[in-house]
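J.: Structure incoming, see below.
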Protein chains: 2
Amino acid sequence: MTETLLCPRNLAFELYEVLDAEALIRRERFAEHNRETFDAAVDTARNIAQRYFAPHNRKADEHEPQYVDGEAVLIPEVKPAVDAFIEAGFHNAQRSFEDSGMQLPNLLSRACFAHFQSANIATSSYPMLTMGAAHLIETFGNDEQKQRFLQPMINGRFFGTMALTEPHAGSSLSDIRTRAEPAGDGTYRLKGNKIFISGGDHSLSENIVHMVLAKLPDAPPGVKGISLFIVPKFLVNADGSLGDRNDVILAGLFHKMGWRGTTSTALNFGDNGQCVGYLVGEPHKGLAYMFQMMNEARIGVGMGAIMLGYAGYLYSLNYARERPQGRLPDGKAPASAQVPIIEHTDVKRMLLMQKAYVEGAFDLGLYAARLTDDQQTADSEQERRNAGELLDLLTPIVKSWPSEFCLKANEQAIQILGGHGYTREYPVEQFYRDNRLNPIHEGTHGIQSLDLLGRKLMQNKGAGLQLLLELIHGCCQRAAEYDSLQPLRQSLEQHIEGLTRVTQALLGDLMAGKVNQALANSALYLKVFGHAVIGWRWLEQAIRAERGLAAGNPADADFYRGKLQAARYFLTWEVRSCHYELELLETRDDTCLQMSERWF
Amino acid sequence: MTETLLCPRNLAFELYEVLDAEALIRRERFAEHNRETFDAAVDTARNIAQRYFAPHNRKADEHEPQYVDGEAVLIPEVKPAVDAFIEAGFHNAQRSFEDSGMQLPNLLSRACFAHFQSANIATSSYPMLTMGAAHLIETFGNDEQKQRFLQPMINGRFFGTMALTEPHAGSSLSDIRTRAEPAGDGTYRLKGNKIFISGGDHSLSENIVHMVLAKLPDAPPGVKGISLFIVPKFLVNADGSLGDRNDVILAGLFHKMGWRGTTSTALNFGDNGQCVGYLVGEPHKGLAYMFQMMNEARIGVGMGAIMLGYAGYLYSLNYARERPQGRLPDGKAPASAQVPIIEHTDVKRMLLMQKAYVEGAFDLGLYAARLTDDQQTADSEQERRNAGELLDLLTPIVKSWPSEFCLKANEQAIQILGGHGYTREYPVEQFYRDNRLNPIHEGTHGIQSLDLLGRKLMQNKGAGLQLLLELIHGCCQRAAEYDSLQPLRQSLEQHIEGLTRVTQALLGDLMAGKVNQALANSALYLKVFGHAVIGWRWLEQAIRAERGLAAGNPADADFYRGKLQAARYFLTWEVRSCHYELELLETRDDTCLQMSERWF
């Protein structure tokens, strides 16, 4: 198998040269860790991913889950993989030692998990969903719920899902119709239909804990009338043993373009009026609670998109090094030997584009993980609050940017392999198909753009934006010390200047009540904002590369030069190409807004 | 079934308002035709496409051809479809009445065929390949070859293929290794392996006529040593009856991402030393002959890409009209009814983008067909030559632009359908998968960019480019008569100015021998050139829309307003966004050229 798991040198660069993972060790919570324990965790993840996850990635695509007698049946290779994952304790990577966890920083936990996403995005989804559901109960559930449902998830016996979407309510969760009636004994009876529930049925675990959004009888309309319920597949007795099957019926499976190994289900709750649910936290606050899970999931989705893009990049890079085809334009002697296609400039372009997208996004994804750590364990309250503000602001970018651009990277990987890339005999077309889900689930691209422009920018009087601009400014100042980085720095500064002007204009519109006008081109805004963020992350990487070159380990020189060239590509080719989108935004171009439905 | 065949109103607009199909009737060859016979041909194509092609489009994807006992076995629905196509005579649409043809212009032939491509790109490939192979024998074969192989293709009894690619020679055809030895009786014995041969085996016809590139023993190296051979699956006796099976072995099938209904085969020629072939035309001229077929095929590929994009556009448009979800930003009362998603500006953007791409490309595709007619039947020799120059120049654009941008349209169609679009329960994900082949086969995107910049621009001292610039200039002058079109005209003129400057600079480099530098960013050049061409075609459409509005049929007003808005979208959002790519080209940016293989 060609090596498509992420490049260890680049991971080390991120952890120790860019994101200073070693600084985390000085915090009390991580005091028992050191670089060796971090690396050991990463190595274990890599080994398990390679041994148990990668080998059935294609098979799970070719043999998607089947609906048999009311159950979803998966290929047999999935269970040993998730068992190995649980056995190694990666579902508890961040939990305290006393809670059977590894007490790792989020940064390391994400870095470990990235290997599983890279090796097999579909199989990795089952533990990912479980980790999110568990965290939800951990944060908002009561002691009994923790005892009955969380503890078995920590032990690896129960898995979890998030059950939000309904046939008529996807992006618009306020329109869900699932009802929850009090049963009089403190429990509830749910009734409704959910679709696109990933991991909604399987036999990987003894039980499945669905985290379900539903409305109480007295719910006000809209998002403020949604409550969160635990609805297990099997009821759980007080002693922890499994009771009867709950009234949750697998109504059918969806057949997806990709990501086929993760079963996507239609679930009927309460067809027989007997669906028992347990209210989590307070009534009507379900959506707010669920957003904790969704925000984690959004970063998880972004990381998944990155790792699929990364896998395609590495595969096509290796292919380009090995595949001879054609000759260079200035050396066409027909009897000469063919050159490896990596020597063709247009192939270099497609590889450099992929490198810029996937390594830029990878840096951002891990940076977001680092922010999670700062939010939880930074020394001062101010630092923790700042990290939280930044993370909130960046979450729509971490989710959407890789979903768009690492998907585009996958398209380029197919192109480099040519006819072979288009066949299922090679893995790159599956990477694309798997990745195509990412701009859709956990909030579509359009939803992310509204979240950014219509909500996150103004949150806490724009504190997050202010912090971000300061960080970028600081980065540009540091970059000013290196002659070679001047064109890159200038490009970023120009872009930030334009972005700032546009942002002020659009926020002005919003405050003046011109909501439709301000949000009309939100997708363009999402792109130029995302390019600013990734451009900044590339400039940070370029600074580290210059430092690395100056430190002078010759074995690493090629690695650092590649970083500098990718930074150059991104900051000149990509960031500067946003100029016209900034102009459209600044002039409030209304081409789309004014398009009438009747004119199509 | 939601209607995804192309919009009849738009086809009529193209044929009669933009491309003046009625003018063709005044030419002697088409004198027996009139608008009614044209429309009747289109209607017949539409009916057969709907009745025989569309219904098994998904089934052919789900049940791709199987390798059974050395043969490729297709689902049973394919044969009745191609039979109906042949029965109606569409494979002879352009042939003379005396040759059992319809004697239609290429414009009408392409318009008819577009319906089959839209309904089922995979099934339509079998007759498309056959038409190309037949045309090759018609042009370059001798009388005996025409009698023995062409006539049964005209009669619909034999199908054809083009067999070029080999395992180590795809883009670089000069490196093929298939050999052809004279047998002493005027025939040849071929030996070699071909891959990715579409339609290389099936039971749709009595025989399959492979048009095979191979090298004679005395062949010079490179592209000037390639000869063209007819290699039938079954030998054909002098009386036209089928003889023995030829030594052509189906070695295996490729399993593709999409376009699965068209079997993609590996063929072994002469494993037993008995593969009989017939030299077409003169020795060593095979590639030049094959280019006739490839140029036709490239326009066919472009049209296929357009029709897949078009089908996705129409499906997602209809979905957006019918699917209620969410509320407008300024009308969020949660108890109010949800609005159809077409009312959301970001959905309008995704629809308008698709409309601009597919209708812009559709216009270009049919314009190329109209040029083919002019090349063959225009009144003066000068007009015929000019049409040929233009067609040559535009062929890489007709092939590549839709392959890139109508594919992008398919991505947007998936996005509009959200989670549903990602499932195989809806057709849009298949449109994407089918379309993904188009930037690869018949010359990759990169090859097209080299063909344009390295060859076509300079052909006949730049005659084609000169003609194109004159046509665009004339269009801008006509557009100047309409106030509403001024921003669009200006945008195009500005772009052409930049493009002209860049073109001169790059041609200067080429003439100065700086070949690698000139061709380094050829993919960018292909894009900005393509955007110039599509921008011009949109301005032409906009002029017709203004005329239509002025003529004042109220029933058509919405149609014309839609055209104007799409033209506005393309010429402002898309054309003007090329500004920075022009700058990169003009400054001969060497970011990709300078990237070392070692730095990846």
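Letters for chains follow the order of the structure tokens (A, B, ...), residue numbers begin at 1 for each chain, and ligand numbers begin at 1 in the order shown.
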Pull out every residue of chain B that has at least one atom within 7 Å of chain A, counting only C-alpha atoms, and report them as a PyMOL selection string.

T.: chain B and resi 169+172+221-222+254-257+325-326+329-330+334-335+342+345-346+348-349+415+418-419+422-425+429+437+440+446+515-516+520+558-559+561-562+565+569+577+580+591-593+595+597-600

J.: Which neighbours of segment 373-382 of chain B fall inside 9 Å, counting only C-alpha atoms, when residues of the same chain fewer than 3 positions from it are skipped, and could you give them as a PyMOL selection string?

T.: chain B and resi 24+27-29+105-107+368-370+385-389+391

J.: For those residues, write C-alpha atoms to a file as a PDB file, in the first residue's frame.

T.:
ATOM      1  CA  LEU B  24     -28.463  26.867 -43.297  1.00  0.00           C
ATOM      2  CA  ARG B  27     -27.535  26.205 -48.644  1.00  0.00           C
ATOM      3  CA  GLU B  28     -27.927  23.624 -51.349  1.00  0.00           C
ATOM      4  CA  ARG B  29     -27.078  20.669 -49.147  1.00  0.00           C
ATOM      5  CA  PRO B 105     -26.425  20.071 -40.547  1.00  0.00           C
ATOM      6  CA  ASN B 106     -23.898  19.298 -37.819  1.00  0.00           C
ATOM      7  CA  LEU B 107     -25.684  21.901 -35.689  1.00  0.00           C
ATOM      8  CA  ALA B 368     -18.714  24.915 -32.715  1.00  0.00           C
ATOM      9  CA  ALA B 369     -21.204  22.674 -34.505  1.00  0.00           C
ATOM     10  CA  ARG B 370     -22.304  25.659 -36.588  1.00  0.00           C
ATOM     11  CA  ARG B 385     -11.443  28.248 -44.427  1.00  0.00           C
ATOM     12  CA  ASN B 386     -12.148  30.802 -41.733  1.00  0.00           C
ATOM     13  CA  ALA B 387     -14.616  28.499 -40.050  1.00  0.00           C
ATOM     14  CA  GLY B 388     -12.019  25.751 -40.040  1.00  0.00           C
ATOM     15  CA  GLU B 389      -9.387  28.028 -38.497  1.00  0.00           C
ATOM     16  CA  LEU B 391     -12.923  25.598 -35.052  1.00  0.00           C
TER      17      LEU B 391
END

J.: Can you tell me, as a ChimeraX atom specification, which residues in segment 119-367 of chain A count as alpha helix (DSSP H) by DSSP?

T.: /A:119,121-140,143-145,151-154,286-322,345-367

J.: Could you take the residues named above and write them with C-alpha atoms, as a compact mmCIF listing (two decimals), in the first residue's frame?

T.:
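The resulting again_13.txt:
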# COMPACT_ATOMS: atom_id res chain seq x y z
CA ALA A 119 -6.91 5.59 7.06
CA ILE A 121 -12.99 8.04 7.51
CA ALA A 122 -16.07 5.81 7.64
CA THR A 123 -14.92 3.46 10.39
CA SER A 124 -13.49 6.35 12.38
CA SER A 125 -16.93 7.95 12.45
CA TYR A 126 -18.36 5.42 14.90
CA PRO A 127 -15.96 6.34 17.73
CA MET A 128 -16.09 10.03 16.76
CA LEU A 129 -19.86 10.16 17.17
CA THR A 130 -19.58 8.24 20.41
CA MET A 131 -17.00 10.64 21.80
CA GLY A 132 -19.25 13.59 20.98
CA ALA A 133 -22.33 12.01 22.54
CA ALA A 134 -20.38 11.03 25.65
CA HIS A 135 -19.05 14.53 26.06
CA LEU A 136 -22.60 15.87 25.86
CA ILE A 137 -23.82 13.67 28.71
CA GLU A 138 -20.65 14.42 30.65
CA THR A 139 -21.34 18.16 30.42
CA PHE A 140 -25.11 18.40 30.71
CA ASP A 143 -25.43 11.79 37.83
CA GLU A 144 -27.83 8.97 37.11
CA GLN A 145 -27.53 9.52 33.37
CA GLN A 151 -19.87 5.13 32.03
CA PRO A 152 -20.54 2.31 29.52
CA MET A 153 -19.49 4.67 26.73
CA ILE A 154 -16.23 5.33 28.54
CA GLY A 286 -31.47 21.32 23.81
CA LEU A 287 -30.17 23.20 20.84
CA ALA A 288 -27.74 25.20 22.96
CA TYR A 289 -26.45 21.96 24.49
CA MET A 290 -26.27 20.29 21.13
CA PHE A 291 -24.14 23.11 19.84
CA GLN A 292 -21.33 21.93 22.10
CA MET A 293 -21.42 18.61 20.29
CA MET A 294 -21.89 20.30 16.93
CA ASN A 295 -18.95 22.61 17.44
CA GLU A 296 -16.74 19.66 18.32
CA ALA A 297 -18.21 17.79 15.39
CA ARG A 298 -17.57 20.71 13.06
CA ILE A 299 -13.90 20.72 13.94
CA GLY A 300 -13.95 16.95 13.55
CA VAL A 301 -15.54 17.33 10.11
CA GLY A 302 -12.90 19.86 9.13
CA MET A 303 -10.16 17.50 10.27
CA GLY A 304 -11.78 14.66 8.32
CA ALA A 305 -11.86 16.81 5.17
CA ILE A 306 -8.21 17.67 5.71
CA MET A 307 -7.14 14.08 6.19
CA LEU A 308 -8.96 12.93 3.05
CA GLY A 309 -7.33 15.75 1.13
CA TYR A 310 -3.99 14.86 2.67
CA ALA A 311 -4.32 11.18 1.76
CA GLY A 312 -5.04 12.10 -1.86
CA TYR A 313 -2.11 14.49 -1.93
CA LEU A 314 0.34 11.90 -0.63
CA TYR A 315 -0.97 9.23 -2.98
CA SER A 316 -0.81 11.42 -6.07
CA LEU A 317 2.61 12.76 -5.05
CA ASN A 318 3.99 9.27 -4.87
CA TYR A 319 2.32 8.36 -8.17
CA ALA A 320 3.79 11.44 -9.85
CA ARG A 321 7.26 10.47 -8.72
CA GLU A 322 6.92 6.96 -10.14
CA THR A 345 5.24 22.03 -14.47
CA ASP A 346 1.46 21.58 -14.65
CA VAL A 347 1.75 18.48 -12.47
CA LYS A 348 3.88 20.45 -10.02
CA ARG A 349 1.11 23.04 -10.01
CA MET A 350 -1.49 20.44 -9.10
CA LEU A 351 0.76 19.03 -6.37
CA LEU A 352 1.68 22.44 -5.01
CA MET A 353 -1.98 23.42 -4.91
CA GLN A 354 -2.79 20.27 -2.95
CA LYS A 355 0.13 20.81 -0.59
CA ALA A 356 -0.91 24.40 0.02
CA TYR A 357 -4.50 23.38 0.71
CA VAL A 358 -3.94 20.33 2.87
CA GLU A 359 -0.94 21.50 4.89
CA GLY A 360 -2.47 24.95 5.33
CA ALA A 361 -5.72 23.44 6.54
CA PHE A 362 -3.93 20.86 8.68
CA ASP A 363 -2.10 23.64 10.47
CA LEU A 364 -5.40 25.43 11.09
CA GLY A 365 -7.12 22.28 12.33
CA LEU A 366 -4.39 21.61 14.86
CA TYR A 367 -4.28 25.28 15.78

J.: Env of Thr178 of chain A: 6 Å cut, atoms = only C-alpha atoms, seq-sep filter 5 positions within chain, self excluded. Answer as an MDAnalysis selection string.

T.: chainID A and resid 191:192 214

J.: Could you list, as a ChimeraX atom specification, every residue within 12 Å of Lys79 of chain A, counting only C-alpha atoms and ignoring same-chain residues fewer than 6 positions away?

T.: /A:52-53,56,60,73,85-87,123-124,126-127,156,202-206,261

J.: Just all heavy atoms for this one: save the residues we selected as a compact mmCIF listing (two decimals), in the first residue's frame.

T.:
# COMPACT_ATOMS: atom_id res chain seq x y z
N TYR A 52 -5.49 -1.81 11.37
CA TYR A 52 -6.91 -2.19 11.48
C TYR A 52 -7.86 -1.32 10.65
O TYR A 52 -8.95 -1.76 10.33
CB TYR A 52 -7.36 -2.13 12.95
CG TYR A 52 -6.74 -3.17 13.82
CD1 TYR A 52 -5.66 -2.87 14.65
CD2 TYR A 52 -7.22 -4.48 13.83
CE1 TYR A 52 -5.07 -3.83 15.46
CE2 TYR A 52 -6.65 -5.46 14.63
CZ TYR A 52 -5.57 -5.12 15.44
OH TYR A 52 -5.01 -6.08 16.23
N PHE A 53 -7.48 -0.09 10.39
CA PHE A 53 -8.42 0.82 9.70
C PHE A 53 -8.20 0.87 8.19
O PHE A 53 -9.15 0.75 7.41
CB PHE A 53 -8.33 2.24 10.30
CG PHE A 53 -9.05 2.40 11.60
CD1 PHE A 53 -8.66 1.71 12.74
CD2 PHE A 53 -10.17 3.23 11.70
CE1 PHE A 53 -9.33 1.83 13.94
CE2 PHE A 53 -10.86 3.37 12.90
CZ PHE A 53 -10.44 2.68 14.02
N HIS A 56 -9.45 -2.14 5.35
CA HIS A 56 -10.82 -2.37 4.85
C HIS A 56 -11.48 -1.09 4.34
O HIS A 56 -12.69 -1.05 4.15
CB HIS A 56 -11.68 -3.06 5.91
CG HIS A 56 -12.02 -2.20 7.11
ND1 HIS A 56 -11.14 -1.96 8.14
CD2 HIS A 56 -13.14 -1.51 7.42
CE1 HIS A 56 -11.71 -1.18 9.05
NE2 HIS A 56 -12.92 -0.89 8.62
N ALA A 60 -15.10 -1.51 2.64
CA ALA A 60 -16.30 -0.92 3.26
C ALA A 60 -17.03 -0.03 2.26
O ALA A 60 -18.25 0.13 2.34
CB ALA A 60 -15.89 -0.10 4.49
N VAL A 73 -26.28 -4.24 8.94
CA VAL A 73 -25.20 -5.22 9.05
C VAL A 73 -23.97 -4.69 8.31
O VAL A 73 -24.02 -4.38 7.12
CB VAL A 73 -25.63 -6.58 8.46
CG1 VAL A 73 -24.48 -7.58 8.53
CG2 VAL A 73 -26.85 -7.09 9.21
N PHE A 85 -9.25 0.38 18.62
CA PHE A 85 -9.25 1.80 18.96
C PHE A 85 -9.60 1.99 20.44
O PHE A 85 -8.94 2.74 21.18
CB PHE A 85 -10.29 2.50 18.06
CG PHE A 85 -10.43 3.97 18.26
CD1 PHE A 85 -9.74 4.87 17.45
CD2 PHE A 85 -11.28 4.48 19.24
CE1 PHE A 85 -9.89 6.25 17.63
CE2 PHE A 85 -11.43 5.84 19.43
CZ PHE A 85 -10.73 6.74 18.63
N ILE A 86 -10.64 1.27 20.86
CA ILE A 86 -11.11 1.40 22.24
C ILE A 86 -10.12 0.76 23.21
O ILE A 86 -9.81 1.31 24.27
CB ILE A 86 -12.51 0.77 22.37
CG1 ILE A 86 -13.54 1.70 21.72
CG2 ILE A 86 -12.85 0.49 23.83
CD1 ILE A 86 -14.86 1.06 21.45
N GLU A 87 -9.63 -0.39 22.80
CA GLU A 87 -8.65 -1.10 23.62
C GLU A 87 -7.45 -0.18 23.93
O GLU A 87 -6.96 -0.13 25.06
CB GLU A 87 -8.19 -2.35 22.86
CG GLU A 87 -7.14 -3.20 23.54
CD GLU A 87 -7.66 -3.85 24.82
OE1 GLU A 87 -8.90 -4.07 24.92
OE2 GLU A 87 -6.84 -4.10 25.71
N THR A 123 -15.02 4.21 9.13
CA THR A 123 -14.92 3.46 10.39
C THR A 123 -14.61 4.39 11.56
O THR A 123 -15.11 4.19 12.66
CB THR A 123 -13.87 2.33 10.25
OG1 THR A 123 -14.36 1.38 9.30
CG2 THR A 123 -13.62 1.62 11.57
N SER A 124 -13.82 5.43 11.29
CA SER A 124 -13.49 6.35 12.38
C SER A 124 -14.70 7.14 12.86
O SER A 124 -14.68 7.71 13.95
CB SER A 124 -12.37 7.31 11.95
OG SER A 124 -12.85 8.28 11.05
N TYR A 126 -17.63 6.03 13.77
CA TYR A 126 -18.36 5.42 14.90
C TYR A 126 -17.79 5.89 16.24
O TYR A 126 -18.55 6.36 17.09
CB TYR A 126 -18.36 3.89 14.77
CG TYR A 126 -19.11 3.41 13.53
CD1 TYR A 126 -18.45 3.03 12.37
CD2 TYR A 126 -20.51 3.34 13.54
CE1 TYR A 126 -19.14 2.60 11.25
CE2 TYR A 126 -21.21 2.91 12.41
CZ TYR A 126 -20.52 2.55 11.27
OH TYR A 126 -21.21 2.13 10.16
N PRO A 127 -16.46 5.79 16.47
CA PRO A 127 -15.96 6.34 17.73
C PRO A 127 -16.10 7.87 17.82
O PRO A 127 -16.35 8.39 18.90
CB PRO A 127 -14.49 5.91 17.76
CG PRO A 127 -14.15 5.40 16.41
CD PRO A 127 -15.44 5.00 15.77
N GLY A 156 -16.42 1.67 26.64
CA GLY A 156 -16.40 1.15 25.27
C GLY A 156 -17.52 0.18 24.96
O GLY A 156 -17.55 -0.42 23.89
N HIS A 202 -26.13 -0.62 14.26
CA HIS A 202 -24.99 -1.52 13.99
C HIS A 202 -24.88 -2.46 15.16
O HIS A 202 -25.63 -2.34 16.15
CB HIS A 202 -23.70 -0.69 13.83
CG HIS A 202 -23.41 0.20 14.99
ND1 HIS A 202 -23.02 -0.27 16.22
CD2 HIS A 202 -23.51 1.56 15.14
CE1 HIS A 202 -22.85 0.75 17.07
NE2 HIS A 202 -23.16 1.87 16.43
N SER A 203 -23.94 -3.41 15.06
CA SER A 203 -23.72 -4.34 16.18
C SER A 203 -22.31 -4.20 16.71
O SER A 203 -21.72 -5.17 17.21
CB SER A 203 -23.95 -5.78 15.70
OG SER A 203 -25.20 -5.88 15.09
N LEU A 204 -21.76 -3.00 16.60
CA LEU A 204 -20.39 -2.78 17.06
C LEU A 204 -20.33 -2.69 18.58
O LEU A 204 -19.27 -2.86 19.17
CB LEU A 204 -19.82 -1.50 16.46
CG LEU A 204 -19.76 -1.45 14.93
CD1 LEU A 204 -19.34 -0.05 14.46
CD2 LEU A 204 -18.77 -2.50 14.42
N SER A 205 -21.46 -2.36 19.19
CA SER A 205 -21.48 -2.14 20.64
C SER A 205 -22.73 -2.79 21.20
O SER A 205 -23.67 -3.11 20.47
CB SER A 205 -21.50 -0.63 20.93
OG SER A 205 -22.58 -0.02 20.23
N GLU A 206 -22.74 -2.95 22.53
CA GLU A 206 -23.89 -3.59 23.16
C GLU A 206 -25.14 -2.74 23.03
O GLU A 206 -26.26 -3.24 23.01
CB GLU A 206 -23.61 -3.80 24.65
CG GLU A 206 -22.49 -4.77 24.93
CD GLU A 206 -22.17 -4.82 26.43
OE1 GLU A 206 -23.08 -4.57 27.25
OE2 GLU A 206 -21.00 -5.07 26.77
N GLY A 261 -19.07 3.33 4.39
CA GLY A 261 -18.91 2.45 5.53
C GLY A 261 -19.67 2.92 6.76
O GLY A 261 -19.97 2.12 7.65

J.: Out of A:Gly243, A:Pro8, A:Pro427, A:Gly277, which residue has the shortest atom-to-atom distance to Asp43 of chain A when counting only C-alpha atoms?

T.: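 With only C-alpha atoms as the atom set, the closest residue is A:Pro8.
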
J.: Would you mind reading off the distance between atom CA of His210 of chain B and atom CA of Pro232 of chain B, one decimal, in Å?

T.: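 Going from atom CA of His210 of chain B over to atom CA of Pro232 of chain B covers 5.7 Å.
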
J.: Distance atom CA of Ala72 of chain B-atom CA of Tyr188 of chain B, one decimal place?

T.: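 Result for atom CA of Ala72 of chain B versus atom CA of Tyr188 of chain B: 26.3 Å, one decimal.
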